[in-house]
Every structure is written in C-alpha cells, then in structure tokens.
Amino acid sequence: MKAGDVLHLTRAASPQFVRPIFFRLIKIRTELHTYDGWIWMDGYQLDEKGDAIARRELFVLKAGVRTQLPPPKAWPKPQARQALRKR
C-alpha cells in the first residue's frame, strides 16, 4: 500500500466497517505501535463518486485491506448508457 491508493474496507479489516467504505490512503502511521498485523492509517473516506467526504485515522487489520481501482468520477447519464448499448 502506498499514498494515493484507494482501499476497500470491510469487516475483514475491522468490525467497525459494518457498511464497507472506500478510503484514499495518505500514509501508514509507522511511528505508532500496534498489535501484530494491525496498522494505523491516515486518509480520506470517499463517497460513491470518489470524492473525499471526511478525513479519517483508522486502525485496521492489514490482511483485511483490499486495494481497489478508484470509483469513476462520473457515471454516464442514462441517455448515454442507452446509446452505448445500441452500438
């Protein structure tokens, strides 16, 4: 994991993620001591459009973190999707 990665956090990463979230990583906090396999991360929670909605500091199980492609910035409008299907 590196700065700028988009992560998908579910209950596999921590029980706090009953509702999974997308998270853009700023940094992993290596100066903080944790339990084996757990890490502190700084970053931004993302909305469904991929925009940052909250700065967060999270404590997660590293093995449960999944790297994702970033969500698209904008979905095509319904008319554009229909035009794409007709091709």
# chains A, B, ... in the order shown; residues from 1 in each chain; ligands from 1
>>> residues_around(residues="Asp42 (chain A)", least_positions_apart="3", cutoff="7 Å", atoms="only C-alpha atoms", output="ChimeraX atom specification")
/A:25-28,56-58
>>> atom_distance(atom1="CA of Asp47 (chain A)", atom2="CA of Leu9 (chain A)")
13.0 Å
>>> select_by_dssp(residues="region 1-84 of chain A", states="alpha helix (DSSP H)", output="number ranges by chain")
A: 78-84
>>> residues_around(residues="Phe17 (chain A)", least_positions_apart="5", cutoff="12 Å", atoms="only C-alpha atoms", output="PDB file with C-alpha atoms, in the first residue's frame")
ATOM      1  CA  HIS A   8     -11.969  -1.045   0.111  1.00  0.00           C
ATOM      2  CA  LEU A   9     -12.504  -1.565   3.831  1.00  0.00           C
ATOM      3  CA  THR A  10     -14.974  -4.185   5.036  1.00  0.00           C
ATOM      4  CA  ARG A  11     -15.483  -6.167   8.238  1.00  0.00           C
ATOM      5  CA  ALA A  12     -12.424  -8.194   7.196  1.00  0.00           C
ATOM      6  CA  PHE A  22     -13.707   3.326   0.139  1.00  0.00           C
ATOM      7  CA  PHE A  23     -10.669   5.102   1.566  1.00  0.00           C
ATOM      8  CA  GLN A  45     -13.239   8.397   3.216  1.00  0.00           C
ATOM      9  CA  LEU A  58      -8.211   4.248  11.104  1.00  0.00           C
ATOM     10  CA  PHE A  59      -6.924   1.199  12.960  1.00  0.00           C
ATOM     11  CA  VAL A  60      -7.274  -1.861  10.702  1.00  0.00           C
ATOM     12  CA  LEU A  61      -6.122  -5.428  10.205  1.00  0.00           C
ATOM     13  CA  GLY A  64      -8.265  -7.441   5.566  1.00  0.00           C
ATOM     14  CA  VAL A  65      -7.487  -4.326   3.493  1.00  0.00           C
TER      15      VAL A  65
END
>>> residues_around(residues="Asp36 (chain A)", least_positions_apart="3", cutoff="12 Å", atoms="only C-alpha atoms", output="list in words")
His33, Ile39, Trp40, Val60, Leu61, Lys62 and Ala63 of chain A
>>> write_last_selection(atoms="all heavy atoms", output="PDB file, in the first residue's frame")
ATOM      1  N   HIS A  33       2.842   2.150  17.648  1.00  0.00           N
ATOM      2  CA  HIS A  33       2.991   0.711  17.882  1.00  0.00           C
ATOM      3  C   HIS A  33       1.614   0.083  18.014  1.00  0.00           C
ATOM      4  O   HIS A  33       0.718   0.636  18.655  1.00  0.00           O
ATOM      5  CB  HIS A  33       3.825   0.465  19.134  1.00  0.00           C
ATOM      6  CG  HIS A  33       5.209   1.009  19.004  1.00  0.00           C
ATOM      7  ND1 HIS A  33       6.181   0.374  18.269  1.00  0.00           N
ATOM      8  CD2 HIS A  33       5.776   2.149  19.471  1.00  0.00           C
ATOM      9  CE1 HIS A  33       7.286   1.088  18.305  1.00  0.00           C
ATOM     10  NE2 HIS A  33       7.067   2.175  19.031  1.00  0.00           N
ATOM     11  N   ILE A  39      -2.528  -2.006  11.708  1.00  0.00           N
ATOM     12  CA  ILE A  39      -1.850  -0.758  11.350  1.00  0.00           C
ATOM     13  C   ILE A  39      -2.787   0.436  11.560  1.00  0.00           C
ATOM     14  O   ILE A  39      -4.000   0.294  11.535  1.00  0.00           O
ATOM     15  CB  ILE A  39      -1.370  -0.763   9.872  1.00  0.00           C
ATOM     16  CG1 ILE A  39      -2.540  -1.024   8.913  1.00  0.00           C
ATOM     17  CG2 ILE A  39      -0.248  -1.761   9.660  1.00  0.00           C
ATOM     18  CD1 ILE A  39      -2.205  -0.901   7.445  1.00  0.00           C
ATOM     19  N   TRP A  40      -2.170   1.605  11.762  1.00  0.00           N
ATOM     20  CA  TRP A  40      -2.896   2.880  11.766  1.00  0.00           C
ATOM     21  C   TRP A  40      -2.704   3.526  10.406  1.00  0.00           C
ATOM     22  O   TRP A  40      -1.593   3.547   9.873  1.00  0.00           O
ATOM     23  CB  TRP A  40      -2.345   3.819  12.833  1.00  0.00           C
ATOM     24  CG  TRP A  40      -2.833   3.522  14.215  1.00  0.00           C
ATOM     25  CD1 TRP A  40      -2.162   2.852  15.185  1.00  0.00           C
ATOM     26  CD2 TRP A  40      -4.081   3.907  14.780  1.00  0.00           C
ATOM     27  NE1 TRP A  40      -2.917   2.792  16.322  1.00  0.00           N
ATOM     28  CE2 TRP A  40      -4.111   3.433  16.099  1.00  0.00           C
ATOM     29  CE3 TRP A  40      -5.190   4.606  14.293  1.00  0.00           C
ATOM     30  CZ2 TRP A  40      -5.189   3.626  16.950  1.00  0.00           C
ATOM     31  CZ3 TRP A  40      -6.270   4.805  15.141  1.00  0.00           C
ATOM     32  CH2 TRP A  40      -6.258   4.324  16.448  1.00  0.00           C
ATOM     33  N   VAL A  60      -6.729  -0.747  11.481  1.00  0.00           N
ATOM     34  CA  VAL A  60      -7.274  -1.861  10.702  1.00  0.00           C
ATOM     35  C   VAL A  60      -6.323  -3.059  10.697  1.00  0.00           C
ATOM     36  O   VAL A  60      -5.117  -2.921  10.890  1.00  0.00           O
ATOM     37  CB  VAL A  60      -7.560  -1.444   9.241  1.00  0.00           C
ATOM     38  CG1 VAL A  60      -8.624  -0.364   9.170  1.00  0.00           C
ATOM     39  CG2 VAL A  60      -6.294  -1.000   8.536  1.00  0.00           C
ATOM     40  N   LEU A  61      -6.888  -4.211  10.408  1.00  0.00           N
ATOM     41  CA  LEU A  61      -6.122  -5.428  10.205  1.00  0.00           C
ATOM     42  C   LEU A  61      -5.590  -5.404   8.777  1.00  0.00           C
ATOM     43  O   LEU A  61      -6.362  -5.385   7.818  1.00  0.00           O
ATOM     44  CB  LEU A  61      -7.016  -6.651  10.422  1.00  0.00           C
ATOM     45  CG  LEU A  61      -6.363  -8.016  10.291  1.00  0.00           C
ATOM     46  CD1 LEU A  61      -5.245  -8.185  11.324  1.00  0.00           C
ATOM     47  CD2 LEU A  61      -7.409  -9.111  10.467  1.00  0.00           C
ATOM     48  N   LYS A  62      -4.285  -5.356   8.632  1.00  0.00           N
ATOM     49  CA  LYS A  62      -3.667  -5.193   7.312  1.00  0.00           C
ATOM     50  C   LYS A  62      -4.103  -6.282   6.335  1.00  0.00           C
ATOM     51  O   LYS A  62      -4.359  -5.999   5.157  1.00  0.00           O
ATOM     52  CB  LYS A  62      -2.149  -5.179   7.453  1.00  0.00           C
ATOM     53  CG  LYS A  62      -1.429  -4.836   6.183  1.00  0.00           C
ATOM     54  CD  LYS A  62       0.061  -4.711   6.402  1.00  0.00           C
ATOM     55  CE  LYS A  62       0.753  -4.350   5.106  1.00  0.00           C
ATOM     56  NZ  LYS A  62       2.193  -4.209   5.292  1.00  0.00           N
ATOM     57  N   ALA A  63      -4.238  -7.506   6.782  1.00  0.00           N
ATOM     58  CA  ALA A  63      -4.628  -8.604   5.904  1.00  0.00           C
ATOM     59  C   ALA A  63      -6.048  -8.442   5.355  1.00  0.00           C
ATOM     60  O   ALA A  63      -6.389  -9.027   4.331  1.00  0.00           O
ATOM     61  CB  ALA A  63      -4.504  -9.932   6.643  1.00  0.00           C
TER      62      ALA A  63
END
>>> closest_residue(among="A:Met1, A:Leu7, A:Gly43, A:Arg55", to="Pro20 (chain A)", atoms="only C-alpha atoms")
A:Leu7
>>> atom_distance(atom1="CA of Glu48 (chain A)", atom2="CA of Ser14 (chain A)")
20.5 Å
